[in-house]
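One file, query18.txt, is given below (compact mmCIF, C-alpha atoms and all ligand atoms).
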# COMPACT_ATOMS: atom_id res chain seq x y z
CA MET A 1 -7.49 -17.32 -1.27
CA ASN A 2 -10.59 -15.51 -0.01
CA GLY A 3 -12.57 -18.55 0.98
CA PRO A 4 -16.15 -18.30 2.19
CA PHE A 5 -15.11 -18.33 5.84
CA ARG A 6 -12.59 -15.57 5.60
CA MET A 7 -13.81 -12.28 6.94
CA LYS A 8 -12.89 -9.11 5.13
CA PRO A 9 -10.27 -7.08 6.97
CA ARG A 10 -11.89 -4.16 8.79
CA ILE A 11 -10.63 -0.61 8.55
CA LEU A 12 -11.69 2.33 10.69
CA ILE A 13 -11.19 5.76 9.12
CA ALA A 14 -11.26 8.91 11.26
CA GLU A 15 -11.49 11.84 8.85
CA ASP A 16 -13.58 15.00 9.21
CA GLU A 17 -13.41 15.98 5.52
CA GLU A 18 -16.53 14.20 4.40
CA ALA A 19 -15.66 14.10 0.71
CA LEU A 20 -12.30 12.48 1.44
CA ALA A 21 -13.84 10.01 3.91
CA THR A 22 -16.39 8.98 1.27
CA LEU A 23 -13.74 8.64 -1.43
CA LEU A 24 -11.57 6.47 0.81
CA ARG A 25 -14.46 4.32 1.93
CA TYR A 26 -15.58 3.74 -1.66
CA ASN A 27 -12.13 2.77 -2.88
CA LEU A 28 -11.19 0.63 0.09
CA GLU A 29 -14.49 -1.23 -0.12
CA LYS A 30 -13.80 -1.82 -3.79
CA ALA A 31 -10.39 -3.19 -2.79
CA GLY A 32 -12.10 -5.76 -0.55
CA TYR A 33 -12.18 -4.16 2.90
CA ASP A 34 -14.97 -3.52 5.37
CA VAL A 35 -14.83 0.17 6.10
CA GLU A 36 -16.29 2.36 8.81
CA THR A 37 -15.79 6.12 8.91
CA VAL A 38 -16.10 8.55 11.81
CA GLY A 39 -15.54 12.30 11.76
CA ARG A 40 -14.14 12.93 15.25
CA GLY A 41 -11.17 11.74 17.26
CA ASP A 42 -13.20 11.03 20.38
CA ASP A 43 -15.80 9.08 18.38
CA ALA A 44 -13.03 7.02 16.83
CA ASP A 45 -11.73 6.26 20.32
CA LEU A 46 -15.18 5.04 21.41
CA ARG A 47 -15.61 2.87 18.33
CA LEU A 48 -12.17 1.36 18.84
CA LYS A 49 -13.14 0.40 22.37
CA GLU A 50 -16.31 -1.30 21.12
CA GLN A 51 -14.89 -3.10 18.12
CA LEU A 52 -11.30 -3.62 17.13
CA PRO A 53 -10.57 -3.16 13.41
CA ASP A 54 -7.59 -4.69 11.61
CA LEU A 55 -6.22 -1.26 10.76
CA ALA A 56 -6.98 2.40 11.48
CA ILE A 57 -6.48 5.42 9.22
CA LEU A 58 -6.46 8.58 11.33
CA ASP A 59 -6.39 12.15 10.14
CA TRP A 60 -3.97 14.30 12.15
CA MET A 61 -6.34 17.27 12.52
CA LEU A 62 -9.66 16.08 13.89
CA PRO A 63 -12.33 17.59 16.10
CA GLY A 64 -12.48 15.97 19.53
CA PHE A 65 -8.83 15.07 19.66
CA SER A 66 -6.14 14.72 17.04
CA GLY A 67 -5.01 11.59 15.26
CA ILE A 68 -1.72 11.88 17.12
CA GLU A 69 -3.39 12.07 20.53
CA LEU A 70 -5.60 9.16 19.56
CA THR A 71 -2.56 7.14 18.50
CA ARG A 72 -0.94 7.79 21.89
CA ARG A 73 -4.05 6.59 23.68
CA LEU A 74 -4.32 3.49 21.49
CA ARG A 75 -0.68 2.58 22.02
CA ALA A 76 -1.17 2.85 25.79
CA ARG A 77 -3.91 0.19 25.81
CA PRO A 78 -2.86 -3.45 25.47
CA GLU A 79 -5.70 -4.31 23.03
CA THR A 80 -4.62 -1.63 20.57
CA ALA A 81 -0.90 -1.43 21.35
CA SER A 82 -0.03 -3.09 18.05
CA LEU A 83 -3.01 -2.00 15.94
CA PRO A 84 -1.68 -0.97 12.50
CA ILE A 85 -2.16 2.82 12.22
CA ILE A 86 -1.72 5.15 9.25
CA ILE A 87 -1.80 8.90 9.94
CA LEU A 88 -2.95 11.37 7.28
CA THR A 89 -1.28 14.76 7.38
CA ALA A 90 -1.45 17.99 5.40
CA ARG A 91 1.49 18.91 3.21
CA GLY A 92 4.12 21.27 4.52
CA GLU A 93 5.22 22.03 8.00
CA GLU A 94 2.86 19.56 9.58
CA ALA A 95 4.29 16.70 7.54
CA GLU A 96 7.78 17.71 8.60
CA ARG A 97 6.70 17.66 12.22
CA VAL A 98 5.24 14.18 11.87
CA ARG A 99 8.45 13.01 10.27
CA GLY A 100 10.40 14.12 13.32
CA LEU A 101 7.94 12.81 15.88
CA SER A 102 7.76 9.37 17.28
CA THR A 103 4.00 9.28 17.03
CA GLY A 104 3.63 5.56 17.42
CA ALA A 105 1.94 5.34 14.04
CA ASP A 106 3.17 2.70 11.62
CA ASP A 107 3.02 4.92 8.58
CA TYR A 108 1.86 8.33 7.47
CA VAL A 109 0.56 9.65 4.18
CA VAL A 110 0.74 13.29 3.13
CA LYS A 111 -2.32 14.97 1.63
CA PRO A 112 -3.12 15.28 -1.16
CA PHE A 113 -2.31 11.68 -2.03
CA LEU A 114 -3.31 9.22 -4.70
CA VAL A 115 -5.79 6.64 -3.49
CA PRO A 116 -3.87 3.66 -4.99
CA GLU A 117 -0.83 4.81 -3.05
CA LEU A 118 -2.78 4.73 0.21
CA ILE A 119 -4.24 1.33 -0.65
CA ALA A 120 -0.74 0.00 -1.35
CA ARG A 121 0.33 1.18 2.10
CA VAL A 122 -2.74 -0.37 3.73
CA GLN A 123 -1.92 -3.67 2.03
CA ALA A 124 1.73 -3.51 2.99
CA LEU A 125 0.86 -2.78 6.60
CA LEU A 126 -1.73 -5.53 6.83
CA ARG A 127 0.68 -7.95 5.22
CA ARG A 128 3.22 -7.16 7.89
CA ALA A 129 0.64 -7.39 10.69
CA LYS A 130 -1.52 -10.24 9.44
CA PRO A 131 -0.17 -12.04 6.42
CA GLU A 132 -3.43 -13.96 5.92
CA HIS A 133 -5.21 -10.75 4.93
CA VAL A 134 -3.47 -10.41 1.63
CA ALA A 135 -4.08 -12.52 -1.44
CA SER A 136 -1.47 -15.27 -1.46
CA SER A 137 -0.75 -15.04 -5.15
CA LEU A 138 -0.78 -12.53 -7.98
CA LYS A 139 -1.19 -13.71 -11.55
CA ALA A 140 -0.99 -12.07 -14.95
CA GLY A 141 -0.95 -14.46 -17.86
CA GLU A 142 2.07 -16.71 -17.57
CA LEU A 143 3.59 -14.65 -14.78
CA GLU A 144 2.83 -15.62 -11.20
CA ILE A 145 3.92 -14.48 -7.75
CA ASP A 146 3.56 -16.81 -4.80
CA ARG A 147 3.48 -14.23 -2.01
CA GLU A 148 3.80 -16.70 0.81
CA LYS A 149 6.97 -18.26 -0.52
CA LYS A 150 8.01 -15.02 -2.22
CA ARG A 151 8.65 -16.88 -5.42
CA VAL A 152 8.10 -15.73 -8.95
CA SER A 153 7.58 -17.89 -11.99
CA ARG A 154 6.96 -17.31 -15.67
CA ALA A 155 5.39 -20.06 -17.78
CA GLY A 156 6.32 -22.51 -15.03
CA ARG A 157 10.01 -21.62 -14.80
CA ASP A 158 11.31 -20.15 -11.56
CA ILE A 159 12.62 -16.62 -11.71
CA ASP A 160 15.29 -15.56 -9.31
CA LEU A 161 14.78 -11.99 -8.09
CA GLY A 162 16.56 -9.88 -5.51
CA PRO A 163 14.37 -8.55 -2.67
CA THR A 164 14.03 -5.08 -4.24
CA GLU A 165 13.11 -6.44 -7.67
CA TYR A 166 10.59 -8.71 -5.99
CA ARG A 167 8.91 -5.83 -4.16
CA LEU A 168 8.96 -3.73 -7.32
CA LEU A 169 7.21 -6.43 -9.33
CA GLU A 170 4.68 -7.05 -6.57
CA PHE A 171 3.97 -3.33 -6.25
CA LEU A 172 3.44 -2.85 -9.99
CA MET A 173 1.40 -6.04 -10.39
CA MET A 174 -1.02 -4.96 -7.67
CA SER A 175 -2.22 -2.12 -9.93
CA PRO A 176 -1.96 -3.27 -13.54
CA GLY A 177 -1.95 -0.40 -16.00
CA ARG A 178 -1.34 2.27 -13.41
CA VAL A 179 1.67 4.45 -14.09
CA PHE A 180 3.85 5.12 -11.06
CA SER A 181 6.41 7.90 -11.04
CA ARG A 182 9.91 7.12 -9.81
CA GLU A 183 9.12 9.10 -6.68
CA GLN A 184 6.00 7.03 -5.99
CA LEU A 185 7.94 3.82 -6.50
CA LEU A 186 10.62 5.02 -4.10
CA ASP A 187 7.98 5.88 -1.51
CA GLY A 188 6.09 2.64 -1.99
CA ILE A 189 9.06 0.30 -2.05
CA TRP A 190 11.88 1.90 -0.14
CA GLY A 191 9.76 4.06 2.17
CA ARG A 192 9.71 7.81 2.64
CA ASP A 193 12.41 8.02 5.22
CA VAL A 194 15.14 6.69 3.00
CA TYR A 195 16.93 9.00 0.63
CA ILE A 196 17.67 7.24 -2.62
CA ASP A 197 18.39 8.74 -6.00
CA GLU A 198 15.50 8.33 -8.43
CA ARG A 199 17.84 6.76 -10.98
CA THR A 200 18.11 3.80 -8.61
CA VAL A 201 14.57 2.93 -9.67
CA ASP A 202 15.70 2.65 -13.30
CA VAL A 203 18.52 0.33 -12.30
CA HIS A 204 16.15 -2.01 -10.45
CA VAL A 205 13.54 -1.92 -13.21
CA GLY A 206 16.31 -2.86 -15.65
CA ARG A 207 17.32 -5.82 -13.50
CA LEU A 208 13.71 -6.87 -13.07
CA ARG A 209 13.12 -6.80 -16.84
CA LYS A 210 16.24 -8.80 -17.52
CA ALA A 211 15.19 -11.45 -15.02
CA LEU A 212 11.61 -11.67 -16.29
CA THR A 213 12.14 -11.91 -20.02
CA ARG A 214 14.02 -14.50 -21.98
CA GLY A 215 14.61 -14.39 -25.73
CA ARG A 216 11.65 -12.76 -27.47
CA GLU A 217 9.23 -12.95 -24.58
CA ALA A 218 6.99 -9.93 -24.04
CA ASP A 219 8.14 -7.37 -21.49
CA PRO A 220 5.54 -7.06 -18.73
CA ILE A 221 6.85 -3.66 -17.61
CA ARG A 222 5.92 -0.57 -19.59
CA THR A 223 8.09 2.55 -19.57
CA VAL A 224 6.07 5.74 -19.88
CA ARG A 225 8.42 8.45 -21.06
CA GLY A 226 8.54 11.38 -18.69
CA ALA A 227 6.11 9.68 -16.28
CA GLY A 228 7.42 6.41 -14.91
CA TYR A 229 6.62 2.73 -15.05
CA ALA A 230 3.55 0.51 -15.12
CA PHE A 231 2.75 -3.16 -15.20
CA ASN A 232 1.43 -3.60 -18.74
CA GLU A 233 -2.28 -4.36 -18.36
CA ARG A 234 -2.23 -5.98 -21.82
CA PHE A 235 0.45 -8.44 -20.74
CA ALA A 236 -2.00 -11.03 -19.42
CA GLU A 237 -4.03 -11.02 -22.66
CA ARG A 238 -1.00 -11.04 -24.90
CA ALA A 239 0.58 -13.95 -23.12
CA GLU A 240 -2.61 -15.95 -23.38
CA ASN A 241 -3.06 -15.38 -27.10
CA CA B 1 -8.94 17.09 9.25

Serialized structure, structure tokens:
Amino acid sequence: MNGPFRMKPRILIAEDEEALATLLRYNLEKAGYDVETVGRGDDADLRLKEQLPDLAILDWMLPGFSGIELTRRLRARPETASLPIIILTARGEEAERVRGLSTGADDYVVKPFLVPELIARVQALLRRAKPEHVASSLKAGELEIDREKKRVSRAGRDIDLGPTEYRLLEFLMMSPGRVFSREQLLDGIWGRDVYIDERTVDVHVGRLRKALTRGREADPIRTVRGAGYAFNERFAERAEN
């Protein structure tokens, strides 16, 4: 999918905690993005006027002006009115305030967070904004997702999945081997604003498993007792053996 003429999606991060900015830059670059970091809200504003990224990650509390103020300014300008924006907030009262505010941001992530969770949100947001920025297929052994057609196949046979099972499989397959708690899966798939019982996750995982495996085929989903679920990183090897 990433042909030689495709530019990497660009992300601007405004974060004054240097260690966090470095960590995010490292991981997002590893995930295939071009990343620039700035430590102040006003600097971020200047950079955004010079060069438009594909997505911005803005800390709420920044010197200069806040991520919220910056979001308001960006939304008021036609060039950045629809720029995908993720706001980072501290846990607690601040997060509650963000929840109740119409900040104009597309998403927000509460600190401390797991980097793969943030990357999943970046990918989801870019997919919504610019579908061409996300790999068009995911493959693990005999299992394949065509993300443009939203179709899943195993060893060449089509697998019929409901929309939730599809998103669940896609989410897990993006990070093979990583264990996601039920809460993380709820956040990543249903979103934070929806209240759903965690047992709902088990129901959908059960449906997904049933759809994916026939007879004695290997189960690509791993249950980790007391922790959650993962896409089995050994699945690709096993299926190829
Ligand atoms: Ca800060």

* To do: Just the residues within 10 Å of segment 195-199 of chain A, please, counting all atoms listed in the file, with nothing from its chain fewer than 2 positions along; format it as number ranges by chain.
  => A: 181-187, 190-193, 201-205

* Could the residues that lie within 8 Å of ligand CA 1 (chain B), counting only C-alpha atoms and all ligand atoms, be listed as a ChimeraX atom specification? => /A:15-17,59-63

Selected residues written out with C-alpha atoms, as a PDB file, in the coordinates of the input:
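New file part13.pdb:
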ATOM      1  CA  GLU A  15     -11.490  11.840   8.850  1.00  0.00           C
ATOM      2  CA  ASP A  16     -13.580  15.000   9.210  1.00  0.00           C
ATOM      3  CA  GLU A  17     -13.410  15.980   5.520  1.00  0.00           C
ATOM      4  CA  ASP A  59      -6.390  12.150  10.140  1.00  0.00           C
ATOM      5  CA  TRP A  60      -3.970  14.300  12.150  1.00  0.00           C
ATOM      6  CA  MET A  61      -6.340  17.270  12.520  1.00  0.00           C
ATOM      7  CA  LEU A  62      -9.660  16.080  13.890  1.00  0.00           C
ATOM      8  CA  PRO A  63     -12.330  17.590  16.100  1.00  0.00           C
TER       9      PRO A  63
END

Please report as JSON lines every residue of segment 20-101 of chain A lying within 10 Å of segment 105-109 of chain A, along with the nearest atom pair and their distance in Å (one decimal), using all atoms listed in the file.
{"residue": "A:Ala56", "atom": "CA", "partner": "A:Ala105", "partner_atom": "CA", "distance": 9.7}
{"residue": "A:Ile57", "atom": "CA", "partner": "A:Tyr108", "partner_atom": "CA", "distance": 9.0}
{"residue": "A:Leu58", "atom": "CA", "partner": "A:Tyr108", "partner_atom": "CA", "distance": 9.2}
{"residue": "A:Asp59", "atom": "CA", "partner": "A:Tyr108", "partner_atom": "CA", "distance": 9.5}
{"residue": "A:Trp60", "atom": "CA", "partner": "A:Tyr108", "partner_atom": "CA", "distance": 9.6}
{"residue": "A:Gly67", "atom": "CA", "partner": "A:Ala105", "partner_atom": "CA", "distance": 9.4}
{"residue": "A:Ile68", "atom": "CA", "partner": "A:Ala105", "partner_atom": "CA", "distance": 8.1}
{"residue": "A:Thr71", "atom": "CA", "partner": "A:Ala105", "partner_atom": "CA", "distance": 6.6}
{"residue": "A:Arg72", "atom": "CA", "partner": "A:Ala105", "partner_atom": "CA", "distance": 8.7}
{"residue": "A:Leu74", "atom": "CA", "partner": "A:Ala105", "partner_atom": "CA", "distance": 9.9}
{"residue": "A:Arg75", "atom": "CA", "partner": "A:Ala105", "partner_atom": "CA", "distance": 8.8}
{"residue": "A:Ser82", "atom": "CA", "partner": "A:Asp106", "partner_atom": "CA", "distance": 9.2}
{"residue": "A:Leu83", "atom": "CA", "partner": "A:Asp106", "partner_atom": "CA", "distance": 8.9}
{"residue": "A:Pro84", "atom": "CA", "partner": "A:Asp106", "partner_atom": "CA", "distance": 6.1}
{"residue": "A:Ile85", "atom": "CA", "partner": "A:Ala105", "partner_atom": "CA", "distance": 5.1}
{"residue": "A:Ile86", "atom": "CA", "partner": "A:Asp107", "partner_atom": "CA", "distance": 4.8}
{"residue": "A:Ile87", "atom": "CA", "partner": "A:Tyr108", "partner_atom": "CA", "distance": 4.5}
{"residue": "A:Leu88", "atom": "CA", "partner": "A:Val109", "partner_atom": "CA", "distance": 5.0}
{"residue": "A:Thr89", "atom": "CA", "partner": "A:Val109", "partner_atom": "CA", "distance": 6.3}
{"residue": "A:Ala90", "atom": "CA", "partner": "A:Val109", "partner_atom": "CA", "distance": 8.7}
{"residue": "A:Arg91", "atom": "CA", "partner": "A:Val109", "partner_atom": "CA", "distance": 9.4}
{"residue": "A:Ala95", "atom": "CA", "partner": "A:Val109", "partner_atom": "CA", "distance": 8.7}
{"residue": "A:Val98", "atom": "CA", "partner": "A:Tyr108", "partner_atom": "CA", "distance": 8.1}
{"residue": "A:Arg99", "atom": "CA", "partner": "A:Tyr108", "partner_atom": "CA", "distance": 8.6}
{"residue": "A:Leu101", "atom": "CA", "partner": "A:Ala105", "partner_atom": "CA", "distance": 9.8}

* Which is closer to Ala120 of chain A than all the others in A:Ala31, A:Ala14, A:Ala236, A:Leu212, using all atoms listed in the file? ->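 Ranked by minimum distance to Ala120 of chain A, first place goes to A:Ala31.
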
* Structure fact -> The residue from A:Arg207, A:Gly156, A:Ala140, A:Phe180 with the smallest atom-to-atom distance to Phe235 of chain A, counting only C-alpha atoms, is A:Ala140
